[in-house]
>>> print(open('data.cif').read())   # mmCIF, C-alpha atoms
data_my_file
loop_
_atom_site.label_atom_id
_atom_site.label_comp_id
_atom_site.auth_asym_id
_atom_site.auth_seq_id
_atom_site.Cartn_x
_atom_site.Cartn_y
_atom_site.Cartn_z
CA MET T 1 212.64 101.55 41.96
CA ALA T 2 213.22 99.02 44.74
CA PRO T 3 210.97 95.92 44.52
CA MET T 4 207.96 95.78 46.87
CA ARG T 5 208.65 94.16 50.20
CA ALA T 6 206.94 93.92 53.56
CA PHE T 7 207.32 96.83 55.91
CA GLN T 8 209.83 96.27 58.73
CA CYS T 9 210.61 98.18 61.88
CA SER T 10 214.09 98.78 60.48
CA ASP T 11 212.46 101.02 57.88
CA LEU T 12 211.63 103.56 60.53
CA PRO T 13 214.05 106.49 60.88
CA MET T 14 214.76 105.71 64.52
CA ASN T 15 216.74 102.58 63.64
CA THR T 16 218.66 103.79 60.63
CA THR T 17 220.16 106.72 62.51
CA THR T 18 221.74 104.62 65.23
CA PHE T 19 222.87 101.50 63.36
CA THR T 20 224.80 101.43 60.10
CA PRO T 21 222.78 99.23 57.77
CA ASP T 22 224.25 96.14 56.06
CA LEU T 23 227.49 96.13 58.03
CA HIS T 24 226.57 92.79 59.61
CA GLY T 25 224.34 91.55 56.81
CA PRO T 26 220.59 90.97 57.25
CA ARG T 27 219.72 91.23 60.97
CA PHE T 28 216.92 89.69 63.00
CA ASP T 29 214.24 92.31 63.63
CA PRO T 30 212.91 91.68 67.13
CA TYR T 31 209.73 93.67 66.49
CA SER T 32 206.81 93.30 64.13
CA LEU T 33 204.12 95.88 63.50
CA ASN T 34 200.75 94.48 64.53
CA GLY T 35 198.67 97.65 64.26
CA GLY T 36 196.08 98.76 66.75
CA THR T 37 194.43 102.04 67.62
CA MET T 38 193.21 103.01 71.05
CA LEU T 39 191.40 105.99 72.48
CA GLY T 40 190.36 107.14 75.90
CA ILE T 41 187.79 109.75 76.99
CA THR T 42 187.11 110.86 80.55
CA GLY T 43 184.13 112.55 82.15
CA ALA T 44 183.03 113.68 85.57
CA ASP T 45 182.20 110.15 86.71
CA TYR T 46 183.39 107.77 84.01
CA CYS T 47 186.34 106.78 81.92
CA LEU T 48 186.01 105.18 78.51
CA LEU T 49 188.63 103.09 76.73
CA ALA T 50 188.18 101.87 73.17
CA ALA T 51 190.39 99.82 70.88
CA ASP T 52 190.01 98.04 67.57
CA THR T 53 190.36 94.26 67.45
CA ARG T 54 192.20 93.76 64.17
CA LEU T 55 195.64 92.18 64.46
CA CYS T 56 197.74 93.00 61.41
CA GLY T 57 200.74 91.15 60.08
CA PRO T 58 203.61 92.13 57.81
CA GLY T 59 202.69 92.75 54.19
CA TYR T 60 199.01 93.76 54.53
CA MET T 61 198.03 90.51 56.29
CA ILE T 62 195.25 90.20 58.83
CA LEU T 63 196.33 87.77 61.54
CA SER T 64 193.16 88.02 63.59
CA ARG T 65 189.87 89.90 63.46
CA ASP T 66 189.18 89.40 67.13
CA GLU T 67 192.24 90.12 69.26
CA SER T 68 191.46 92.20 72.33
CA ARG T 69 193.67 95.13 73.25
CA LEU T 70 191.76 96.06 76.41
CA PHE T 71 192.70 94.53 79.75
CA GLU T 72 190.91 94.91 83.09
CA PHE T 73 192.91 94.95 86.30
CA THR T 74 190.39 96.05 88.93
CA PRO T 75 186.70 96.98 88.73
CA GLN T 76 187.77 100.61 88.34
CA LEU T 77 190.94 100.22 86.30
CA ALA T 78 191.66 99.08 82.78
CA LEU T 79 194.46 99.31 80.26
CA ALA T 80 194.44 99.72 76.49
CA ALA T 81 197.74 98.46 75.06
CA GLY T 82 198.67 98.19 71.41
CA GLY T 83 199.80 100.17 68.41
CA GLY T 84 203.12 98.35 68.12
CA PHE T 85 204.25 94.80 68.73
CA HIS T 86 201.57 92.50 70.09
CA GLY T 87 204.02 90.11 71.70
CA ASP T 88 205.16 92.93 73.95
CA THR T 89 201.53 93.83 74.69
CA LEU T 90 200.85 90.30 75.93
CA THR T 91 204.02 90.10 78.01
CA LEU T 92 203.55 93.53 79.53
CA THR T 93 199.98 92.81 80.57
CA LYS T 94 201.01 89.44 82.01
CA LEU T 95 203.64 91.15 84.17
CA LEU T 96 201.20 93.89 85.18
CA SER T 97 198.59 91.32 86.26
CA ALA T 98 201.12 89.72 88.54
CA ARG T 99 202.19 93.07 90.02
CA VAL T 100 198.56 94.15 90.63
CA LYS T 101 197.90 90.89 92.45
CA SER T 102 201.05 91.38 94.57
CA TYR T 103 199.94 94.87 95.43
CA LYS T 104 196.57 93.55 96.58
CA TYR T 105 198.18 90.94 98.82
CA ASP T 106 200.76 93.37 100.25
CA HIS T 107 198.55 96.39 100.81
CA ARG T 108 195.21 94.63 101.35
CA LYS T 109 193.41 96.94 98.93
CA GLU T 110 193.06 97.35 95.20
CA ILE T 111 195.68 99.44 93.43
CA THR T 112 194.61 102.99 92.62
CA ALA T 113 194.77 104.50 89.12
CA ALA T 114 197.57 106.92 90.04
CA SER T 115 199.70 104.18 91.58
CA PHE T 116 199.15 101.85 88.65
CA ALA T 117 200.08 104.67 86.30
CA ALA T 118 203.37 105.22 88.11
CA LEU T 119 204.01 101.46 88.21
CA LEU T 120 203.55 101.12 84.46
CA SER T 121 205.84 104.06 83.78
CA ASN T 122 208.62 102.50 85.85
CA MET T 123 208.17 99.09 84.27
CA LEU T 124 208.43 100.60 80.81
CA TYR T 125 211.50 102.69 81.60
CA GLN T 126 213.31 99.70 83.07
CA ARG T 127 213.34 98.40 79.51
CA ARG T 128 214.66 101.70 78.13
CA LEU T 129 217.37 100.03 75.99
CA PHE T 130 215.16 97.28 74.53
CA PRO T 131 211.70 98.74 74.95
CA PHE T 132 208.30 97.20 75.10
CA TYR T 133 207.00 98.38 71.74
CA VAL T 134 203.56 99.14 73.13
CA TYR T 135 201.54 102.34 73.36
CA ASN T 136 199.51 102.37 76.55
CA LEU T 137 196.44 104.12 77.88
CA VAL T 138 195.54 103.63 81.54
CA GLY T 139 191.90 104.39 82.29
CA GLY T 140 190.08 104.39 85.58
CA LEU T 141 188.58 106.45 88.35
CA ASP T 142 190.72 108.56 90.66
CA GLU T 143 190.35 108.71 94.43
CA GLU T 144 187.57 111.31 94.09
CA GLY T 145 185.56 109.24 91.65
CA ARG T 146 186.37 111.37 88.61
CA GLY T 147 187.54 109.81 85.36
CA ALA T 148 191.32 109.45 85.07
CA LEU T 149 193.23 108.76 81.87
CA TYR T 150 196.99 108.45 81.48
CA GLY T 151 198.68 108.27 78.07
CA TYR T 152 202.15 106.74 77.58
CA ASP T 153 204.90 106.45 75.05
CA PRO T 154 206.75 103.12 74.68
CA VAL T 155 209.41 104.03 77.27
CA GLY T 156 207.16 105.25 80.03
CA SER T 157 206.69 108.99 79.65
CA TYR T 158 203.14 109.63 80.84
CA GLN T 159 200.70 112.40 81.51
CA ARG T 160 197.16 112.59 82.76
CA GLY T 161 194.73 113.99 80.19
CA ARG T 162 191.06 114.47 79.47
CA PHE T 163 191.15 112.49 76.24
CA GLU T 164 193.86 110.76 74.27
CA CYS T 165 194.34 108.65 71.18
CA LEU T 166 197.29 106.39 70.36
CA GLY T 167 198.16 103.92 67.65
CA VAL T 168 198.20 103.71 63.88
CA ALA T 169 195.15 105.94 63.28
CA GLN T 170 196.24 108.51 65.85
CA SER T 171 196.74 111.29 63.29
CA LEU T 172 193.24 110.75 61.89
CA ILE T 173 191.46 110.65 65.24
CA ASP T 174 193.33 113.30 67.28
CA PRO T 175 191.79 116.35 65.56
CA LEU T 176 188.34 114.73 65.80
CA LEU T 177 188.64 114.37 69.56
CA ASP T 178 189.92 117.94 69.83
CA CYS T 179 186.82 119.11 68.01
CA LYS T 180 184.16 116.95 69.67
CA VAL T 181 185.48 116.42 73.20
CA GLY T 182 187.88 119.35 73.60
CA ASN T 183 185.44 121.79 71.99
CA MET T 184 188.29 123.46 70.09
CA ASN T 185 187.67 125.96 67.27
CA SER T 186 184.07 126.23 68.36
CA GLN T 187 181.89 129.26 68.99
CA HIS T 188 179.52 127.51 71.40
CA ALA T 189 180.05 126.52 75.01
CA ALA T 190 181.13 122.96 75.71
CA ILE T 191 178.40 120.36 76.20
CA PRO T 192 179.57 117.79 78.76
CA LEU T 193 179.58 114.27 77.34
CA SER T 194 177.75 111.56 79.26
CA GLY T 195 179.10 108.01 79.40
CA GLN T 196 176.65 106.71 76.79
CA ASP T 197 177.31 109.70 74.50
CA ALA T 198 181.00 108.98 74.75
CA VAL T 199 180.42 105.34 73.77
CA GLN T 200 178.55 106.42 70.62
CA LEU T 201 181.22 109.00 69.84
CA ALA T 202 183.96 106.37 70.15
CA ARG T 203 181.99 104.07 67.87
CA ASP T 204 181.58 106.84 65.24
CA VAL T 205 185.23 107.82 65.48
CA PHE T 206 186.39 104.26 64.85
CA THR T 207 183.95 103.91 61.96
CA ALA T 208 185.51 106.98 60.36
CA ALA T 209 189.04 105.75 61.03
CA ALA T 210 188.25 102.33 59.54
CA GLU T 211 187.24 103.99 56.27
CA ARG T 212 190.61 105.61 55.71
CA GLU T 213 193.19 103.55 57.61
CA ILE T 214 193.87 100.08 56.29
CA ASN T 215 195.00 98.71 59.65
CA VAL T 216 191.77 99.67 61.47
CA GLY T 217 188.66 97.56 61.08
CA ASP T 218 186.79 94.35 61.99
CA SER T 219 185.35 95.55 65.30
CA VAL T 220 185.83 98.05 68.11
CA GLU T 221 185.76 97.02 71.74
CA ILE T 222 184.76 99.66 74.29
CA LYS T 223 185.01 99.58 78.07
CA LEU T 224 183.09 102.15 80.10
CA ILE T 225 184.43 102.37 83.66
CA THR T 226 182.12 103.82 86.29
CA ALA T 227 181.78 103.53 90.05
CA THR T 228 179.63 100.41 89.57
CA GLY T 229 182.24 98.62 87.47
CA VAL T 230 183.14 98.05 83.84
CA GLU T 231 180.53 97.92 81.08
CA ASN T 232 181.57 96.33 77.78
CA PHE T 233 180.42 97.25 74.29
CA ARG T 234 181.40 95.86 70.94
CA TYR T 235 180.52 97.21 67.50
CA ASN T 236 181.35 95.89 64.08
CA LEU T 237 183.53 97.83 61.67
CA ARG T 238 184.33 97.22 58.02
CA ASN T 239 186.13 93.99 57.31
CA ASP T 240 188.12 95.09 54.27
CA ASN N 241 193.78 131.36 28.83
CA LEU N 242 195.07 129.84 25.60
CA TYR N 243 192.22 127.36 25.86
CA GLU N 244 189.73 130.17 26.33
CA LEU N 245 191.08 132.00 23.30
CA ARG N 246 190.97 128.92 21.11
CA GLU N 247 187.70 127.41 22.34
CA GLU N 248 185.94 130.72 23.10
CA ARG N 249 184.55 129.32 26.31
CA LYS N 250 185.75 128.76 29.86
CA ILE N 251 187.52 125.52 30.65
CA GLU N 252 185.60 122.76 32.49
CA PRO N 253 187.05 121.34 35.73
CA ALA N 254 187.51 117.84 34.33
CA THR N 255 189.32 119.20 31.27
CA PHE N 256 191.51 121.36 33.48
CA LEU N 257 192.41 118.25 35.48
CA SER N 258 193.57 116.53 32.31
CA LEU N 259 195.53 119.60 31.27
CA LEU N 260 197.26 119.79 34.64
CA ASP N 261 198.03 116.07 34.81
CA ASN N 262 199.63 116.02 31.38
CA LEU N 263 201.66 119.09 32.27
CA LEU N 264 202.89 117.39 35.43
CA TYR N 265 203.71 114.09 33.73
CA GLU N 266 205.81 115.91 31.14
CA ARG N 267 208.12 116.56 34.08
CA ARG N 268 208.09 112.91 35.19
CA PHE N 269 211.77 112.80 36.15
CA GLY N 270 212.14 116.36 37.38
CA PRO N 271 208.72 117.04 38.80
CA PHE N 272 207.00 120.11 40.08
CA PHE N 273 206.78 119.52 43.84
CA ILE N 274 203.11 120.27 44.21
CA GLU N 275 200.00 118.38 45.33
CA PRO N 276 197.18 120.14 43.50
CA ILE N 277 193.50 119.91 44.21
CA ILE N 278 190.82 121.12 41.85
CA ALA N 279 187.30 122.16 42.78
CA GLY N 280 184.71 123.51 40.42
CA ILE N 281 181.27 123.17 38.92
CA ASP N 282 180.73 121.64 35.53
CA SER N 283 178.84 124.18 33.43
CA LYS N 284 176.83 121.62 31.44
CA THR N 285 175.66 119.36 34.28
CA SER N 286 175.95 121.90 37.15
CA LYS N 287 177.39 119.14 39.27
CA PRO N 288 180.23 119.88 41.70
CA PHE N 289 183.61 118.45 40.82
CA VAL N 290 186.49 117.71 43.18
CA ALA N 291 189.73 116.02 42.29
CA SER N 292 193.34 115.83 43.38
CA SER N 293 196.60 114.83 41.77
CA ASP N 294 199.98 113.67 42.92
CA LEU N 295 203.18 115.47 41.92
CA ILE N 296 203.50 113.55 38.65
CA GLY N 297 199.91 113.84 37.57
CA CYS N 298 198.00 110.79 38.75
CA PRO N 299 194.39 111.97 38.98
CA MET N 300 191.91 111.02 41.65
CA ILE N 301 188.31 112.12 41.21
CA THR N 302 186.02 111.50 44.17
CA ASP N 303 182.37 111.98 45.05
CA ASP N 304 182.96 113.28 48.53
CA PHE N 305 186.22 115.06 49.32
CA VAL N 306 189.96 115.22 48.67
CA VAL N 307 192.71 116.19 51.08
CA VAL N 308 196.37 117.12 50.58
CA GLY N 309 199.21 118.42 52.69
CA THR N 310 201.32 117.66 55.75
CA ALA N 311 198.15 117.40 57.82
CA GLY N 312 196.63 115.03 55.24
CA GLU N 313 195.95 112.15 57.62
CA GLN N 314 194.40 114.51 60.16
CA LEU N 315 192.21 115.94 57.39
CA TYR N 316 191.10 112.44 56.37
CA GLY N 317 189.91 111.76 59.91
CA MET N 318 188.04 115.06 60.16
CA CYS N 319 186.48 115.01 56.67
CA GLU N 320 185.34 111.42 56.98
CA THR N 321 183.34 112.44 60.04
CA VAL N 322 181.93 115.84 59.09
CA TRP N 323 181.12 115.12 55.44
CA VAL N 324 177.58 114.12 54.59
CA PRO N 325 176.09 114.17 51.09
CA ASP N 326 173.97 117.08 49.80
CA MET N 327 175.03 119.83 52.19
CA SER N 328 173.97 123.43 51.63
CA PRO N 329 176.71 126.05 51.06
CA ASP N 330 176.50 127.20 54.69
CA GLN N 331 176.71 123.67 56.08
CA LEU N 332 179.59 122.98 53.71
CA PHE N 333 181.43 126.07 54.91
CA GLU N 334 181.05 125.01 58.54
CA ALA N 335 182.16 121.45 57.80
CA ALA N 336 185.18 122.56 55.77
CA ALA N 337 186.23 125.15 58.33
CA GLN N 338 185.97 122.75 61.28
CA ALA N 339 187.81 120.04 59.37
CA LEU N 340 190.62 122.38 58.39
CA MET N 341 191.02 124.18 61.72
CA ASN N 342 191.09 121.07 63.86
CA ALA N 343 193.32 119.11 61.51
CA VAL N 344 196.01 121.79 61.19
CA ASP N 345 195.97 122.37 64.94
CA ARG N 346 197.35 118.86 65.25
CA ASP N 347 200.25 119.50 62.89
CA CYS N 348 203.14 121.76 63.77
CA MET N 349 203.98 122.37 60.11
CA ALA N 350 200.50 123.66 59.22
CA GLY N 351 198.17 126.19 60.74
CA TRP N 352 197.80 129.82 61.70
CA GLY N 353 194.34 130.15 60.16
CA GLY N 354 192.68 129.11 56.96
CA VAL N 355 190.83 130.38 53.88
CA VAL N 356 187.64 128.75 52.63
CA HIS N 357 186.44 129.28 49.05
CA ILE N 358 182.87 128.26 48.31
CA VAL N 359 182.37 127.89 44.55
#
>>> encode(input="data.cif", output="structure tokens")
Amino acid sequence: MAPMRAFQCSDLPMNTTTFTPDLHGPRFDPYSLNGGTMLGITGADYCLLAADTRLCGPGYMILSRDESRLFEFTPQLALAAGGGFHGDTLTLTKLLSARVKSYKYDHRKEITAASFAALLSNMLYQRRLFPFYVYNLVGGLDEEGRGALYGYDPVGSYQRGRFECLGVAQSLIDPLLDCKVGNMNSQHAAIPLSGQDAVQLARDVFTAAAEREINVGDSVEIKLITATGVENFRYNLRND
Amino acid sequence: NLYELREERKIEPATFLSLLDNLLYERRFGPFFIEPIIAGIDSKTSKPFVASSDLIGCPMITDDFVVVGTAGEQLYGMCETVWVPDMSPDQLFEAAAQALMNAVDRDCMAGWGGVVHIV
């Protein structure tokens, strides 16, 4: 049995299929896995984004209990970015801030959710051969005031959806959202979720995920985007 | 069955777990590729018993639930949410069915319906 060592990105199948290991000796791994789970839920007049605040390090370390993964760009637009390498999260959001400001100066209005979504997709694909290792969720209100949510992969493939979950606890949370928000496998008619109901649901979902996923915990930060602006919530999760 | 013949009583779940785990560990270096779960009711205490094992017989007995399979992580998320202590058989059926159906719908290797046994 191989001795225990910290998990590295080079352990993932995607790297070992394209590079022959050990031909050049030990290589510098440009990525580190910092954890992070995000979810987004939309409704008729709101969009909710939630993310945990635990920053993980290699070898079961906790680097921070209070590192935000939610970023606001306009009063009706926010981004949840994480689930991969935090350095790329910080750089990507820095670049996006600058681009959103430029847009405001050039077009004399705030950027819309659909435009921002397209912008992010292009920015990610420009780095196709050395990607930003970030999973993104863009949440906001569309031109008609309805909730809009766009989910991305690290190289910019995106799609608008009603609800979405990304990150390390994605496989635990996805079926839950299907059941509670998507009303799947259910005999009764769907009950529309209000903004406050969605906040409590997100809180419960993260509490469940924190029980069974080691990288989720500490606290969950929630942003509820409505026509009046962004409301922030924060709930504690287990610290272990 | 051999146990029943020798002991002249039915086997208890906890004993069966031991039996299974020893059987699996005998094949430590050429294992049976299974992930068993055991559910039953202890005849002396009438308490429910759930446990699971890995392919070489490491037992895990829990108070709440056990999950195995390709959709294991999905099942963990669902069960953690729908399980509450002291459910009636009907509530338990509903919880188990919802957990199973929604979890396997998120896994392409699992699905196409499910069977629930209430003991």
>>> closest_residue(input="data.cif", among="N:Gly312, N:Pro253, N:Gly297, N:Pro271", to="Met349 in chain N", atoms="all atoms listed in the file")
N:Gly312
>>> interface_residues(input="data.cif", of="chain N", to="chain T", cutoff="6 Å", atoms="all atoms listed in the file", output="NGL selection string")
:N and (313-314 or 317-318 or 320-321 or 342-343)
>>> write_last_selection(input="data.cif", atoms="C-alpha atoms", output="PDB file, keeping the file's coordinate frame")
ATOM      1  CA  GLU N 313     195.950 112.150  57.620  1.00  0.00           C
ATOM      2  CA  GLN N 314     194.400 114.510  60.160  1.00  0.00           C
ATOM      3  CA  GLY N 317     189.910 111.760  59.910  1.00  0.00           C
ATOM      4  CA  MET N 318     188.040 115.060  60.160  1.00  0.00           C
ATOM      5  CA  GLU N 320     185.340 111.420  56.980  1.00  0.00           C
ATOM      6  CA  THR N 321     183.340 112.440  60.040  1.00  0.00           C
ATOM      7  CA  ASN N 342     191.090 121.070  63.860  1.00  0.00           C
ATOM      8  CA  ALA N 343     193.320 119.110  61.510  1.00  0.00           C
TER       9      ALA N 343
END
>>> residues_around(input="data.cif", residues="range 141-152 of chain T", least_positions_apart="3", cutoff="8 Å", atoms="all atoms listed in the file", output="count of residues only")
32
>>> resolve_selection(input="data.cif", expression="the PyMOL selection byres ((chain N and resi 305-308) around 7)", output="VMD selection string")
chain N and resid 275 290 to 292 302 to 304 309 312 315 to 316
>>> closest_residue(input="data.cif", among="N:Asp326, N:Asp282, N:Asp347, N:Asp294", to="Ile251 in chain N", atoms="only C-alpha atoms")
N:Asp282
>>> build_atoms(input="data.cif", residues="range 243-254 of chain N", atoms="all heavy atoms", output="PDB file, in the frame of the given file")
ATOM      1  N   TYR N 243     193.426 128.172  26.109  1.00  0.00           N
ATOM      2  CA  TYR N 243     192.220 127.360  25.860  1.00  0.00           C
ATOM      3  C   TYR N 243     191.022 128.253  25.610  1.00  0.00           C
ATOM      4  O   TYR N 243     190.273 128.068  24.660  1.00  0.00           O
ATOM      5  CB  TYR N 243     191.984 126.473  27.081  1.00  0.00           C
ATOM      6  CG  TYR N 243     190.846 125.499  26.967  1.00  0.00           C
ATOM      7  CD1 TYR N 243     191.067 124.185  26.573  1.00  0.00           C
ATOM      8  CD2 TYR N 243     189.541 125.887  27.284  1.00  0.00           C
ATOM      9  CE1 TYR N 243     190.020 123.280  26.494  1.00  0.00           C
ATOM     10  CE2 TYR N 243     188.503 124.991  27.202  1.00  0.00           C
ATOM     11  CZ  TYR N 243     188.735 123.697  26.814  1.00  0.00           C
ATOM     12  OH  TYR N 243     187.699 122.804  26.727  1.00  0.00           O
ATOM     13  N   GLU N 244     190.875 129.268  26.478  1.00  0.00           N
ATOM     14  CA  GLU N 244     189.730 130.170  26.330  1.00  0.00           C
ATOM     15  C   GLU N 244     189.759 130.897  24.999  1.00  0.00           C
ATOM     16  O   GLU N 244     188.739 131.110  24.363  1.00  0.00           O
ATOM     17  CB  GLU N 244     189.748 131.221  27.449  1.00  0.00           C
ATOM     18  CG  GLU N 244     188.988 130.795  28.675  1.00  0.00           C
ATOM     19  CD  GLU N 244     188.994 131.862  29.753  1.00  0.00           C
ATOM     20  OE1 GLU N 244     188.780 133.038  29.423  1.00  0.00           O
ATOM     21  OE2 GLU N 244     189.235 131.493  30.912  1.00  0.00           O
ATOM     22  N   LEU N 245     190.967 131.298  24.577  1.00  0.00           N
ATOM     23  CA  LEU N 245     191.080 132.000  23.300  1.00  0.00           C
ATOM     24  C   LEU N 245     190.711 131.093  22.145  1.00  0.00           C
ATOM     25  O   LEU N 245     189.997 131.494  21.229  1.00  0.00           O
ATOM     26  CB  LEU N 245     192.500 132.541  23.130  1.00  0.00           C
ATOM     27  CG  LEU N 245     192.867 133.744  24.001  1.00  0.00           C
ATOM     28  CD1 LEU N 245     194.357 134.009  23.936  1.00  0.00           C
ATOM     29  CD2 LEU N 245     192.095 134.979  23.565  1.00  0.00           C
ATOM     30  N   ARG N 246     191.207 129.838  22.234  1.00  0.00           N
ATOM     31  CA  ARG N 246     190.970 128.920  21.110  1.00  0.00           C
ATOM     32  C   ARG N 246     189.528 128.420  21.104  1.00  0.00           C
ATOM     33  O   ARG N 246     188.916 128.321  20.066  1.00  0.00           O
ATOM     34  CB  ARG N 246     191.901 127.710  21.213  1.00  0.00           C
ATOM     35  CG  ARG N 246     193.315 128.050  20.874  1.00  0.00           C
ATOM     36  CD  ARG N 246     194.107 126.830  20.418  1.00  0.00           C
ATOM     37  NE  ARG N 246     195.510 127.210  20.308  1.00  0.00           N
ATOM     38  CZ  ARG N 246     196.480 126.744  21.068  1.00  0.00           C
ATOM     39  NH1 ARG N 246     196.230 125.850  21.994  1.00  0.00           N
ATOM     40  NH2 ARG N 246     197.713 127.183  20.897  1.00  0.00           N
ATOM     41  N   GLU N 247     189.014 128.036  22.280  1.00  0.00           N
ATOM     42  CA  GLU N 247     187.700 127.410  22.340  1.00  0.00           C
ATOM     43  C   GLU N 247     186.572 128.425  22.506  1.00  0.00           C
ATOM     44  O   GLU N 247     185.399 128.099  22.353  1.00  0.00           O
ATOM     45  CB  GLU N 247     187.652 126.438  23.531  1.00  0.00           C
ATOM     46  CG  GLU N 247     188.715 125.365  23.483  1.00  0.00           C
ATOM     47  CD  GLU N 247     188.203 124.074  22.893  1.00  0.00           C
ATOM     48  OE1 GLU N 247     186.998 123.791  23.052  1.00  0.00           O
ATOM     49  OE2 GLU N 247     188.993 123.364  22.269  1.00  0.00           O
ATOM     50  N   GLU N 248     186.918 129.647  22.845  1.00  0.00           N
ATOM     51  CA  GLU N 248     185.940 130.720  23.100  1.00  0.00           C
ATOM     52  C   GLU N 248     184.927 130.341  24.155  1.00  0.00           C
ATOM     53  O   GLU N 248     183.759 130.668  24.081  1.00  0.00           O
ATOM     54  CB  GLU N 248     185.233 131.129  21.801  1.00  0.00           C
ATOM     55  CG  GLU N 248     186.158 131.888  20.874  1.00  0.00           C
ATOM     56  CD  GLU N 248     185.536 132.156  19.518  1.00  0.00           C
ATOM     57  OE1 GLU N 248     184.301 132.075  19.417  1.00  0.00           O
ATOM     58  OE2 GLU N 248     186.297 132.436  18.587  1.00  0.00           O
ATOM     59  N   ARG N 249     185.380 129.594  25.141  1.00  0.00           N
ATOM     60  CA  ARG N 249     184.550 129.320  26.310  1.00  0.00           C
ATOM     61  C   ARG N 249     185.487 129.030  27.473  1.00  0.00           C
ATOM     62  O   ARG N 249     186.666 128.743  27.295  1.00  0.00           O
ATOM     63  CB  ARG N 249     183.628 128.123  26.056  1.00  0.00           C
ATOM     64  CG  ARG N 249     184.359 126.825  25.788  1.00  0.00           C
ATOM     65  CD  ARG N 249     183.418 125.725  25.327  1.00  0.00           C
ATOM     66  NE  ARG N 249     184.190 124.543  24.966  1.00  0.00           N
ATOM     67  CZ  ARG N 249     184.422 123.537  25.789  1.00  0.00           C
ATOM     68  NH1 ARG N 249     183.950 123.544  27.023  1.00  0.00           N
ATOM     69  NH2 ARG N 249     185.135 122.486  25.382  1.00  0.00           N
ATOM     70  N   LYS N 250     184.913 129.047  28.697  1.00  0.00           N
ATOM     71  CA  LYS N 250     185.750 128.760  29.860  1.00  0.00           C
ATOM     72  C   LYS N 250     186.001 127.261  29.969  1.00  0.00           C
ATOM     73  O   LYS N 250     185.163 126.446  29.561  1.00  0.00           O
ATOM     74  CB  LYS N 250     185.042 129.258  31.140  1.00  0.00           C
ATOM     75  CG  LYS N 250     184.899 130.760  31.201  1.00  0.00           C
ATOM     76  CD  LYS N 250     185.486 131.297  32.516  1.00  0.00           C
ATOM     77  CE  LYS N 250     185.409 132.798  32.623  1.00  0.00           C
ATOM     78  NZ  LYS N 250     186.325 133.486  31.733  1.00  0.00           N
ATOM     79  N   ILE N 251     187.144 126.926  30.564  1.00  0.00           N
ATOM     80  CA  ILE N 251     187.520 125.520  30.650  1.00  0.00           C
ATOM     81  C   ILE N 251     186.706 124.816  31.736  1.00  0.00           C
ATOM     82  O   ILE N 251     186.388 125.413  32.770  1.00  0.00           O
ATOM     83  CB  ILE N 251     189.042 125.411  30.907  1.00  0.00           C
ATOM     84  CG1 ILE N 251     189.523 123.979  30.734  1.00  0.00           C
ATOM     85  CG2 ILE N 251     189.436 125.967  32.265  1.00  0.00           C
ATOM     86  CD1 ILE N 251     191.027 123.860  30.683  1.00  0.00           C
ATOM     87  N   GLU N 252     186.334 123.542  31.491  1.00  0.00           N
ATOM     88  CA  GLU N 252     185.600 122.760  32.490  1.00  0.00           C
ATOM     89  C   GLU N 252     186.595 122.178  33.506  1.00  0.00           C
ATOM     90  O   GLU N 252     187.753 121.936  33.178  1.00  0.00           O
ATOM     91  CB  GLU N 252     184.876 121.587  31.813  1.00  0.00           C
ATOM     92  CG  GLU N 252     183.864 122.003  30.792  1.00  0.00           C
ATOM     93  CD  GLU N 252     182.763 122.847  31.379  1.00  0.00           C
ATOM     94  OE1 GLU N 252     182.530 122.771  32.602  1.00  0.00           O
ATOM     95  OE2 GLU N 252     182.136 123.602  30.634  1.00  0.00           O
ATOM     96  N   PRO N 253     186.129 121.893  34.713  1.00  0.00           N
ATOM     97  CA  PRO N 253     187.050 121.340  35.730  1.00  0.00           C
ATOM     98  C   PRO N 253     187.709 120.032  35.304  1.00  0.00           C
ATOM     99  O   PRO N 253     188.908 119.848  35.518  1.00  0.00           O
ATOM    100  CB  PRO N 253     186.161 121.117  36.953  1.00  0.00           C
ATOM    101  CG  PRO N 253     184.952 121.926  36.739  1.00  0.00           C
ATOM    102  CD  PRO N 253     184.795 122.152  35.281  1.00  0.00           C
ATOM    103  N   ALA N 254     186.946 119.136  34.709  1.00  0.00           N
ATOM    104  CA  ALA N 254     187.510 117.840  34.330  1.00  0.00           C
ATOM    105  C   ALA N 254     188.579 118.007  33.250  1.00  0.00           C
ATOM    106  O   ALA N 254     189.617 117.324  33.267  1.00  0.00           O
ATOM    107  CB  ALA N 254     186.409 116.911  33.852  1.00  0.00           C
TER     108      ALA N 254
END
